[in-house]
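input.txt (compact mmCIF, C-alpha atoms and all ligand atoms)
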# COMPACT_ATOMS: atom_id res chain seq x y z
CA MET D 251 148.32 -37.49 -99.16
CA LYS D 252 148.73 -34.67 -101.72
CA ARG D 253 147.92 -37.04 -104.56
CA MET D 254 144.85 -38.34 -102.69
CA ILE D 255 143.54 -34.80 -102.14
CA ILE D 256 144.06 -33.88 -105.80
CA ALA D 257 142.45 -37.17 -106.92
CA SER D 258 139.42 -36.51 -104.69
CA MET D 259 139.20 -32.93 -106.06
CA LEU D 260 139.18 -34.31 -109.61
CA THR D 261 136.49 -36.86 -108.70
CA MET D 262 134.40 -34.18 -107.00
CA LEU D 263 134.71 -31.99 -110.09
CA SER D 264 133.69 -34.79 -112.43
CA LEU D 265 130.61 -35.45 -110.30
CA THR D 266 129.50 -31.85 -109.94
CA SER D 267 130.70 -30.13 -113.08
CA CYS D 268 128.94 -29.33 -116.32
CA ALA D 269 128.45 -31.76 -119.16
CA ALA D 270 131.41 -30.51 -121.21
CA SER D 271 134.38 -32.84 -121.57
CA ASP D 272 138.03 -32.38 -120.68
CA ILE D 273 140.27 -30.50 -123.08
CA THR D 274 143.67 -32.05 -123.69
CA LEU D 275 146.17 -29.26 -124.27
CA PRO D 276 149.03 -29.41 -126.77
CA GLN D 277 152.36 -30.28 -125.14
CA PRO D 278 153.93 -27.07 -123.79
CA GLN D 279 156.91 -25.74 -125.73
CA LYS D 280 159.72 -25.61 -123.19
CA THR D 281 162.59 -24.32 -125.32
CA GLY D 282 163.53 -21.04 -126.95
CA GLY D 283 161.79 -17.79 -126.26
CA MET D 284 163.00 -14.39 -125.15
CA PRO D 285 166.11 -14.19 -122.96
CA LEU D 286 165.18 -13.83 -119.28
CA MET D 287 166.80 -10.40 -118.88
CA GLU D 288 164.73 -9.02 -121.78
CA ALA D 289 161.54 -10.52 -120.33
CA LEU D 290 162.32 -8.87 -116.98
CA ALA D 291 162.93 -5.57 -118.76
CA ASN D 292 159.49 -5.90 -120.44
CA ARG D 293 157.47 -7.01 -117.39
CA GLN D 294 154.62 -4.66 -116.62
CA SER D 295 150.89 -4.50 -115.91
CA THR D 296 148.42 -3.62 -118.66
CA ARG D 297 144.70 -2.91 -118.27
CA GLU D 298 143.30 -2.91 -121.81
CA PHE D 299 142.37 -6.21 -123.44
CA SER D 300 140.99 -6.99 -126.89
CA ASN D 301 138.20 -9.49 -127.47
CA ASP D 302 139.24 -9.87 -131.12
CA LYS D 303 142.72 -11.32 -130.71
CA LEU D 304 142.88 -14.35 -128.38
CA LEU D 305 145.58 -16.72 -127.18
CA ASN D 306 145.56 -19.99 -129.13
CA GLU D 307 145.64 -23.42 -127.43
CA GLN D 308 149.41 -23.74 -127.76
CA GLN D 309 149.91 -20.37 -126.07
CA LEU D 310 147.45 -21.29 -123.33
CA SER D 311 149.28 -24.55 -122.73
CA ASP D 312 152.64 -22.76 -122.60
CA LEU D 313 151.26 -20.08 -120.28
CA LEU D 314 149.73 -22.59 -117.84
CA TRP D 315 152.84 -24.73 -117.80
CA ALA D 316 154.93 -21.64 -117.08
CA ALA D 317 152.46 -20.61 -114.37
CA CYS D 318 152.34 -23.85 -112.44
CA GLY D 319 153.24 -26.90 -114.52
CA PHE D 320 155.50 -29.86 -113.79
CA ASN D 321 159.07 -29.29 -114.95
CA ARG D 322 160.30 -32.55 -113.37
CA GLU D 323 158.58 -35.85 -112.57
CA ASP D 324 156.99 -34.52 -109.37
CA LYS D 325 158.06 -30.87 -109.00
CA LEU D 326 156.72 -27.63 -110.40
CA THR D 327 157.87 -24.51 -112.27
CA ILE D 328 157.19 -22.69 -108.97
CA PRO D 329 158.80 -23.39 -105.63
CA THR D 330 156.29 -24.14 -102.84
CA ALA D 331 156.99 -23.97 -99.12
CA LEU D 332 157.72 -27.46 -97.76
CA ASN D 333 156.94 -28.70 -101.30
CA LYS D 334 153.24 -28.70 -100.40
CA GLN D 335 152.18 -27.94 -103.98
CA GLU D 336 148.99 -26.38 -102.64
CA ILE D 337 148.37 -24.08 -105.58
CA THR D 338 146.02 -24.83 -108.46
CA VAL D 339 145.09 -22.55 -111.31
CA TYR D 340 141.73 -22.12 -113.04
CA VAL D 341 141.09 -20.75 -116.50
CA ILE D 342 138.12 -18.37 -116.77
CA LYS D 343 136.74 -17.49 -120.19
CA PRO D 344 133.40 -16.16 -121.44
CA GLU D 345 132.40 -19.77 -122.31
CA GLY D 346 133.08 -21.13 -118.82
CA ALA D 347 135.83 -22.11 -116.40
CA TRP D 348 138.28 -25.03 -116.15
CA LEU D 349 140.72 -26.46 -113.66
CA TYR D 350 144.22 -26.83 -115.11
CA ALA D 351 145.24 -30.43 -114.35
CA ALA D 352 148.99 -29.90 -114.62
CA LYS D 353 150.09 -33.52 -114.51
CA GLU D 354 147.64 -34.56 -117.21
CA ASN D 355 148.17 -31.34 -119.21
CA LYS D 356 144.44 -30.88 -119.63
CA LEU D 357 141.62 -28.57 -118.69
CA ILE D 358 138.77 -30.04 -116.63
CA PRO D 359 135.49 -28.15 -116.97
CA VAL D 360 134.06 -26.59 -113.83
CA THR D 361 131.19 -24.61 -115.31
CA ASP D 362 129.93 -23.63 -118.72
CA GLU D 363 128.58 -20.32 -117.41
CA ASP D 364 130.20 -16.93 -117.84
CA ILE D 365 131.48 -16.26 -114.31
CA ARG D 366 133.73 -13.30 -115.18
CA GLU D 367 131.60 -10.91 -113.11
CA TYR D 368 132.89 -12.70 -109.97
CA SER D 369 136.48 -12.71 -111.16
CA ALA D 370 136.82 -8.94 -111.24
CA SER D 371 135.67 -5.70 -109.71
CA GLN D 372 137.24 -3.63 -112.50
CA ASN D 373 135.30 -3.38 -115.77
CA PHE D 374 138.22 -4.08 -118.09
CA ALA D 375 138.75 -7.45 -116.38
CA LYS D 376 135.05 -8.40 -116.32
CA LYS D 377 135.06 -8.07 -120.12
CA ALA D 378 138.50 -9.60 -120.78
CA PRO D 379 138.59 -12.91 -122.68
CA LEU D 380 140.94 -14.71 -120.28
CA ASN D 381 141.46 -14.63 -116.53
CA ILE D 382 143.56 -17.05 -114.50
CA ALA D 383 142.51 -17.67 -110.88
CA ILE D 384 145.36 -18.66 -108.55
CA VAL D 385 143.92 -20.84 -105.78
CA SER D 386 145.46 -22.12 -102.55
CA ASP D 387 144.27 -24.95 -100.31
CA LYS D 388 144.46 -24.65 -96.52
CA GLU D 389 144.28 -28.42 -96.20
CA LEU D 390 147.76 -28.53 -97.74
CA MET D 391 149.12 -25.13 -96.60
CA GLU D 392 147.82 -23.49 -93.43
CA ASN D 393 150.43 -20.74 -93.32
CA ASP D 394 148.97 -17.61 -94.99
CA ILE D 395 152.35 -16.05 -95.67
CA TYR D 396 153.60 -19.15 -97.46
CA ALA D 397 150.31 -19.49 -99.35
CA GLY D 398 150.65 -15.89 -100.56
CA THR D 399 154.31 -16.36 -101.39
CA ASP D 400 153.63 -19.47 -103.46
CA ALA D 401 150.74 -17.77 -105.28
CA GLY D 402 153.09 -14.85 -105.95
CA ALA D 403 155.51 -17.20 -107.70
CA VAL D 404 152.70 -18.26 -110.07
CA MET D 405 151.84 -14.60 -110.59
CA GLN D 406 155.39 -13.68 -111.57
CA ASN D 407 155.73 -16.70 -113.89
CA ILE D 408 152.60 -15.50 -115.70
CA TYR D 409 153.99 -11.95 -115.86
CA LEU D 410 157.28 -13.21 -117.31
CA TRP D 411 155.63 -15.53 -119.84
CA CYS D 412 153.45 -12.63 -120.99
CA ALA D 413 156.40 -10.23 -121.16
CA ALA D 414 158.37 -12.76 -123.21
CA ASN D 415 155.50 -13.33 -125.63
CA GLY D 416 154.21 -9.81 -126.22
CA VAL D 417 151.01 -10.54 -124.27
CA GLY D 418 149.45 -8.14 -121.75
CA THR D 419 148.61 -9.04 -118.17
CA VAL D 420 147.73 -7.65 -114.75
CA THR D 421 147.41 -9.52 -111.52
CA ARG D 422 144.50 -8.52 -109.32
CA GLY D 423 143.54 -8.83 -105.69
CA SER D 424 140.23 -7.10 -106.39
CA PHE D 425 137.50 -9.61 -107.16
CA ASP D 426 134.46 -11.15 -105.46
CA LYS D 427 136.19 -13.65 -103.13
CA GLU D 428 133.07 -15.53 -102.03
CA GLY D 429 131.28 -15.32 -105.35
CA LEU D 430 134.27 -16.61 -107.30
CA ALA D 431 134.97 -19.44 -104.85
CA LYS D 432 131.35 -20.54 -105.22
CA ALA D 433 131.33 -20.15 -109.01
CA LEU D 434 134.50 -22.26 -109.24
CA ASN D 435 132.97 -24.91 -106.96
CA LEU D 436 135.92 -24.70 -104.55
CA LYS D 437 136.14 -26.74 -101.34
CA PRO D 438 135.75 -24.74 -98.09
CA SER D 439 139.50 -25.12 -97.52
CA GLN D 440 140.34 -23.50 -100.87
CA ARG D 441 140.50 -19.77 -101.58
CA VAL D 442 141.35 -17.66 -104.58
CA ILE D 443 144.39 -15.53 -103.80
CA LEU D 444 144.82 -13.61 -107.04
CA VAL D 445 143.15 -13.41 -110.42
CA GLN D 446 145.32 -12.51 -113.36
CA THR D 447 143.93 -11.08 -116.60
CA VAL D 448 145.83 -12.11 -119.73
CA GLY D 449 145.44 -11.07 -123.34
CA TYR D 450 146.21 -8.68 -126.18
C1 LIG D 501 149.11 -8.62 -104.81
C2 LIG D 501 148.79 -7.65 -105.91
C3 LIG D 501 147.48 -7.25 -106.08
C4 LIG D 501 147.15 -6.39 -107.14
N1 LIG D 501 145.84 -6.05 -107.33
C5 LIG D 501 145.50 -5.27 -108.40
C6 LIG D 501 144.13 -5.01 -108.69
O1 LIG D 501 143.22 -5.47 -107.99
N2 LIG D 501 143.85 -4.27 -109.77
C7 LIG D 501 144.82 -3.76 -110.59
O2 LIG D 501 144.48 -3.10 -111.56
N3 LIG D 501 146.13 -4.00 -110.34
C8 LIG D 501 146.50 -4.76 -109.28
N4 LIG D 501 147.81 -5.06 -109.04
C9 LIG D 501 148.84 -4.58 -109.98
C10 LIG D 501 149.64 -3.40 -109.38
O3 LIG D 501 148.80 -2.27 -109.33
C11 LIG D 501 150.86 -3.13 -110.28
O4 LIG D 501 151.72 -4.25 -110.22
C12 LIG D 501 151.58 -1.90 -109.80
O5 LIG D 501 150.83 -0.74 -110.06
C13 LIG D 501 152.95 -1.73 -110.48
O6 LIG D 501 152.81 -1.68 -111.89
P1 LIG D 501 153.60 -2.70 -112.83
O7 LIG D 501 153.07 -4.10 -112.54
O8 LIG D 501 153.28 -2.28 -114.24
O9 LIG D 501 155.03 -2.60 -112.50
C14 LIG D 501 148.18 -5.89 -108.00
C15 LIG D 501 149.50 -6.29 -107.80
C16 LIG D 501 149.80 -7.17 -106.79
C17 LIG D 501 151.23 -7.63 -106.63

Would you put the structure from the file into structure tokens?
Amino acid sequence: MKRMIIASMLTMLSLTSCAASDITLPQPQKTGGMPLMEALANRQSTREFSNDKLLNEQQLSDLLWAACGFNREDKLTIPTALNKQEITVYVIKPEGAWLYAAKENKLIPVTDEDIREYSASQNFAKKAPLNIAIVSDKELMENDIYAGTDAGAVMQNIYLWCAANGVGTVTRGSFDKEGLAKALNLKPSQRVILVQTVGY
């Protein structure tokens, strides 16, 4: 069932999205890095982001895998209630927005428009070069508490990856909920729970 819903989402996206093609990400680097206790000691929110220094594709791949990638054949870096795997993440940049297809390790274009104005109510985030939208799907997870809990696991994975890699981040509940859902071409059952700004 889960696979069918994700497959139909991918088909829907390919029918409705912009002309741009998928971006295959480099394989995520799953070894090394800062010890967990040091990353926890560094975890914090930041609210100033440069447009001059950007994450490269390897970093983006590592970040997305940490956020919500597959770390086993069919299970994720986050726990999800009842293993519903209802969370998807979207990458929002000035050049457009993409769905992170975790299994395929690629980015599927959703729009080639700059939709950052919907992804933030705070100015620093509207201008930031990278935002990650954390999206839940009521078709897979009806329980709001579990949906929020699962999204929170993605949020903390992003915080820890950023802390371990000297990258700034802040998670945000303040954004245009309806506008962003529309701009991301979400199904009525999907909603954005958090948007997380990431960068230097
Ligand atoms: C669910 C949630 C929503 C948040 N929404 C916002 C937000 O809209 N804007 C913002 O600047 N920070 C937001 N934050 C970040 C908190 O303000 C921040 O975590 C808190 O001040 C503690 O600071 P720290 O993360 O540096 O420890 C949010 C945090 C959480 C967990």

Checklist entry - Expressed in Å to a single decimal, how great is the separation between CA of Ser439 in chain D and CA of Asp400 in chain D? => result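 So the two atoms, CA of Ser439 in chain D and CA of Asp400 in chain D, lie 16.3 Å apart.
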
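Among D:Asp387, D:Asp364, D:Glu354, D:Asp302, the residue with the shortest atom-to-atom distance to Tyr450 in chain D, counting only C-alpha atoms, is D:Asp302.
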
Next on the checklist: as number ranges by chain, please: every protein or nucleic acid residue near ligand LIG 501 (chain D) (cut-off 7 Å, counting all atoms listed in the file).
Outcome noted: D: 294-297, 420-424, 444

Taking all listed atoms of range 325-339 of chain D, build the axis-aligned box, pad each of the six sides by 5 Å, then write its centre and edge lengths in Å to one decimal as JSON.
{"center_x": 151.9, "center_y": -26.7, "center_z": -105.0, "size_x": 23.7, "size_y": 18.3, "size_z": 24.5}

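Using only C-alpha atoms, the nearest neighbour of Ala403 in chain D within the list D:Pro329, D:Pro379, D:Pro344, D:Pro438 is D:Pro329.
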
Checklist entry - Residues at most 12 Å from Lys376 in chain D, counting all atoms listed in the file, excluding those fewer than 3 positions away in the same chain, as a list in words? => result Arg297, Glu298, Phe299, Asn301, Ile342, Lys343, Pro344, Asp364, Ile365, Arg366, Glu367, Tyr368, Ser369, Ala370, Ser371, Gln372, Asn373, Pro379, Leu380, Asn381, Arg422, Ser424, Phe425, Asp426, Val445, Gln446, Thr447 and Val448 of chain D

Item to check | Spatial neighbours of Thr274 in chain D, max dist 7 Å, all atoms listed in the file, sep filter under 2 positions, as a list in words | outcome: Asp272, Pro276, Asn355, Lys356 and Leu357 of chain D

Checklist entry - Residues at most 10 Å from range 409-412 of chain D, counting all atoms listed in the file, excluding those fewer than 2 positions away in the same chain, as a ChimeraX atom specification? => result /D:283-284,286,288-295,309,312-317,403-407,414-421,446,448-450

Item to check | Among the residues D:Gly346, D:Gly319, D:Gly429, D:Gly402, the one that comes closest to Ile384 in chain D [using only C-alpha atoms] | outcome: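 So, comparing all the options, the nearest one is D:Gly402.
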
Item to check | Length of the CA of Val360 in chain D to CA of Lys303 in chain D vector [Å] | outcome: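 CA of Val360 in chain D sits 24.4 Å away from CA of Lys303 in chain D.
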
Item to check | Neighbour list for Thr361 in chain D as a list in words, cut-off 9 Å, only C-alpha atoms, skip fewer than 2 positions in-chain | outcome: Ser267, Cys268, Ala269, Ala270, Glu345, Gly346, Ala347, Trp348, Pro359, Glu363, Asp364, Ile365, Ala433, Leu434 and Asn435 of chain D

Next on the checklist: Set the distance at 7 Å and use all atoms listed in the file: which residues neighbour Lys388 in chain D once local chain neighbours fewer than 3 positions away are removed? I'd like the list as an MDAnalysis selection string.
Outcome noted: chainID D and resid 391:392 439:440

Selection from above, C-alpha atoms, as a JSON list (two decimals), keeping the file's coordinate frame, can you write it?
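Output file selection_5.json is given in full below:
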[["chain", "number", "residue", "atom", "x", "y", "z"],
["D", 391, "MET", "CA", 149.12, -25.13, -96.60],
["D", 392, "GLU", "CA", 147.82, -23.49, -93.43],
["D", 439, "SER", "CA", 139.50, -25.12, -97.52],
["D", 440, "GLN", "CA", 140.34, -23.50, -100.87]]

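Among D:Ala352, D:Gln279, D:Asn393, D:Met287, the residue with the shortest atom-to-atom distance to Leu332 in chain D, counting all atoms listed in the file, is D:Asn393.
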
Item to check | Atomic distance CA of Lys427 in chain D - CA of Ile408 in chain D, expressed in Å with one decimal | outcome: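 Computing it gives 20.8 Å between the two atoms.
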